[in-house]
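The next block holds one structure in the form of C-alpha cells; read it before the comments.
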Amino acid sequence: MHPQQQAYLLVAATGMVRGFGAGQAATVWQSETDFDMYDYAEWRIPIERHLRLLISESPNRRGVVTVGALSTPIRVYWDIASRLLRPGPDATGPVIGHLRVMAQRYGTAVDLAMANERLWSNAAAPVDVCDVDITALALIAARALGVDRFRSALRSALAENPGLESVPLGIADAMLPDTERG
C-alpha cells in the first residue's frame, strides 16, 4: 500500500474508532453481519490497540514522504492520528497547529497560482479551490476531539489568519454540526 494511502487510512480508522459512540455506530451499520454490534467495545478496543501499535512502531511516524497536494510530510498525519487516539484538552492545540501549517502552504499555493493572471482568470491554474485534506482532517478531528472544543480552537485560528489560508479551515468550520450530537 502506498504511504499516502496508509496515511489516509490511519486517520480515517482513528477517527472512526474514537469518533463514534455505540449508539452512533449502530446507525452506520444496518445489519448484525456488518459488525458485531452486540458489544461496541468488544471490537473497538482491539482495533484501537492495533492502531496505537501501528502509530508507535511504523517508520512513518518520523517519515518525510509527502502526502497530498500540499506535500505534507507523512509524520504529520501520524501525529494527528496519535492525538486523536488520546483525546483531551492537550490534543486539540497540536492538531490545529498542523492544520494551520497546512493552511499556510495552501495560501502560498493559491497565491502563486494567482500570479499567472491568464491561467487564473480562465480557471486553469494548477491549484485546488479548497484543500480536501485540510477540511477532512479538521472534520475528523472535531468528531474525535469534541466538536465544541475543536470549533473554538478552529475559530481562533481563523481569526488570526484571515487570508487565503483560511479558506479550507473556514469550509471545515461551516461543515461542523451545530452541537456535539449534530
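Residue numbering restarts at 1 for every chain of the C-alpha cells, chains are lettered A, B, ... in their displayed order, and ligands are numbered from 1 as they appear.
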**Message:** Going by DSSP on the backbone, which residues of stretch 23-126 of chain A come out as alpha helix (DSSP H)? List them as a ChimeraX atom specification.
**Reply:** /A:23-28,40-57,74-85,89-115,117-121
Report as CSV the residues of stretch 91-147 of chain A within 10 Å of stretch 4-10 of chain A, each with its shortest atom pair and distance in Å (one decimal), using only C-alpha atoms, ordered by chain and increasing residue number.
residue,atom,partner,partner_atom,distance
A:Asp133,CA,A:Tyr8,CA,8.9
A:Ala136,CA,A:Tyr8,CA,9.9
A:Leu137,CA,A:Tyr8,CA,9.3
**Message:** Residues near stretch 171-180 of chain A, anyone? I mean within 7 Å using only C-alpha atoms, not counting same-chain ones fewer than 5 positions away, as a ChimeraX atom specification.
**Reply:** /A:135,138-139,146-148,151
Residue subset to file, keeping C-alpha atoms, as an mmCIF file, in the first residue's frame:
data_model
loop_
_atom_site.group_PDB
_atom_site.id
_atom_site.type_symbol
_atom_site.label_atom_id
_atom_site.label_comp_id
_atom_site.auth_asym_id
_atom_site.auth_seq_id
_atom_site.Cartn_x
_atom_site.Cartn_y
_atom_site.Cartn_z
ATOM 1 C CA THR A 135 -11.021 20.064 5.504
ATOM 2 C CA ALA A 138 -10.464 19.062 10.546
ATOM 3 C CA LEU A 139 -13.835 17.312 10.387
ATOM 4 C CA GLY A 146 -15.193 17.162 20.561
ATOM 5 C CA VAL A 147 -16.988 19.453 18.169
ATOM 6 C CA ASP A 148 -17.412 22.408 20.527
ATOM 7 C CA ARG A 151 -14.704 24.635 16.800
#
**Request:** Write out as a PyMOL selection string the residues lying within 12 Å of A:Pro59, counting only C-alpha atoms and excluding same-chain residues fewer than 3 positions away.
**Result:** chain A and resi 3+6-7+53-56+62-65+74-75+78
Next, write the just-selected residues to a file, as a compact mmCIF listing (two decimals), in the first residue's frame, keeping N, CA, C and O atoms as the atom set.
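Final output, saved to out_13.txt:
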# COMPACT_ATOMS: atom_id res chain seq x y z
N PRO A 3 2.36 4.87 0.79
CA PRO A 3 2.35 5.62 2.05
C PRO A 3 1.20 6.64 2.17
O PRO A 3 0.65 6.83 3.24
N GLN A 6 -1.75 4.81 3.22
CA GLN A 6 -1.61 4.44 4.63
C GLN A 6 -2.00 5.61 5.54
O GLN A 6 -2.68 5.42 6.54
N ALA A 7 -1.54 6.79 5.18
CA ALA A 7 -1.84 7.98 5.99
C ALA A 7 -3.35 8.24 6.04
O ALA A 7 -3.91 8.46 7.12
N LEU A 53 -0.40 0.58 18.32
CA LEU A 53 0.83 -0.13 17.99
C LEU A 53 1.37 0.32 16.63
O LEU A 53 2.57 0.59 16.48
N LEU A 54 0.48 0.43 15.66
CA LEU A 54 0.88 0.88 14.33
C LEU A 54 1.49 2.28 14.39
O LEU A 54 2.54 2.54 13.80
N ILE A 55 0.86 3.16 15.12
CA ILE A 55 1.35 4.54 15.23
C ILE A 55 2.73 4.57 15.89
O ILE A 55 3.63 5.28 15.45
N SER A 56 2.90 3.78 16.93
CA SER A 56 4.17 3.83 17.67
C SER A 56 5.31 3.09 16.99
O SER A 56 6.47 3.41 17.21
N ARG A 62 8.00 9.05 11.74
CA ARG A 62 9.07 10.03 11.56
C ARG A 62 9.33 10.28 10.07
O ARG A 62 10.33 10.88 9.71
N GLY A 63 8.42 9.82 9.23
CA GLY A 63 8.62 9.84 7.79
C GLY A 63 8.57 11.21 7.16
O GLY A 63 7.93 12.14 7.67
N VAL A 64 9.22 11.31 6.03
CA VAL A 64 9.25 12.57 5.28
C VAL A 64 8.58 12.42 3.91
O VAL A 64 8.52 13.39 3.16
N VAL A 65 8.07 11.23 3.61
CA VAL A 65 7.33 11.04 2.36
C VAL A 65 6.17 12.03 2.37
O VAL A 65 5.51 12.23 3.39
N ILE A 74 4.41 12.81 5.89
CA ILE A 74 3.53 11.78 6.42
C ILE A 74 3.52 11.75 7.95
O ILE A 74 2.53 11.38 8.56
N ARG A 75 4.61 12.19 8.56
CA ARG A 75 4.66 12.20 10.02
C ARG A 75 3.59 13.10 10.63
O ARG A 75 3.15 12.89 11.75
N TRP A 78 0.59 10.99 10.96
CA TRP A 78 0.80 10.06 12.07
C TRP A 78 0.59 10.78 13.40
O TRP A 78 -0.01 10.23 14.32
**Asked** Which is closer to A:Val110 than all the others in A:Gly88, A:Gly68, A:Val167, A:Glu57, using only C-alpha atoms?
**Response**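 The answer is A:Val167, which sits nearest to A:Val110.
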**Request:** May I ask for the distance between atom CA of A:Ile134 and atom CA of A:Ile45, given in Å to one decimal place?
**Result:** 27.5 Å
**Message:** From the options A:Pro46, A:Pro168, A:Gly93, A:Pro73, which residue's atoms come nearest to A:Val132, counting only C-alpha atoms?
**Reply:**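 Smallest separation from A:Val132 among the options: A:Pro168.
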**Prompt:** Which one of A:Ala141, A:Arg52, A:Leu169, A:Met102 sits closest to A:Ile80 if you count only C-alpha atoms?
**Reply:** A:Ala141
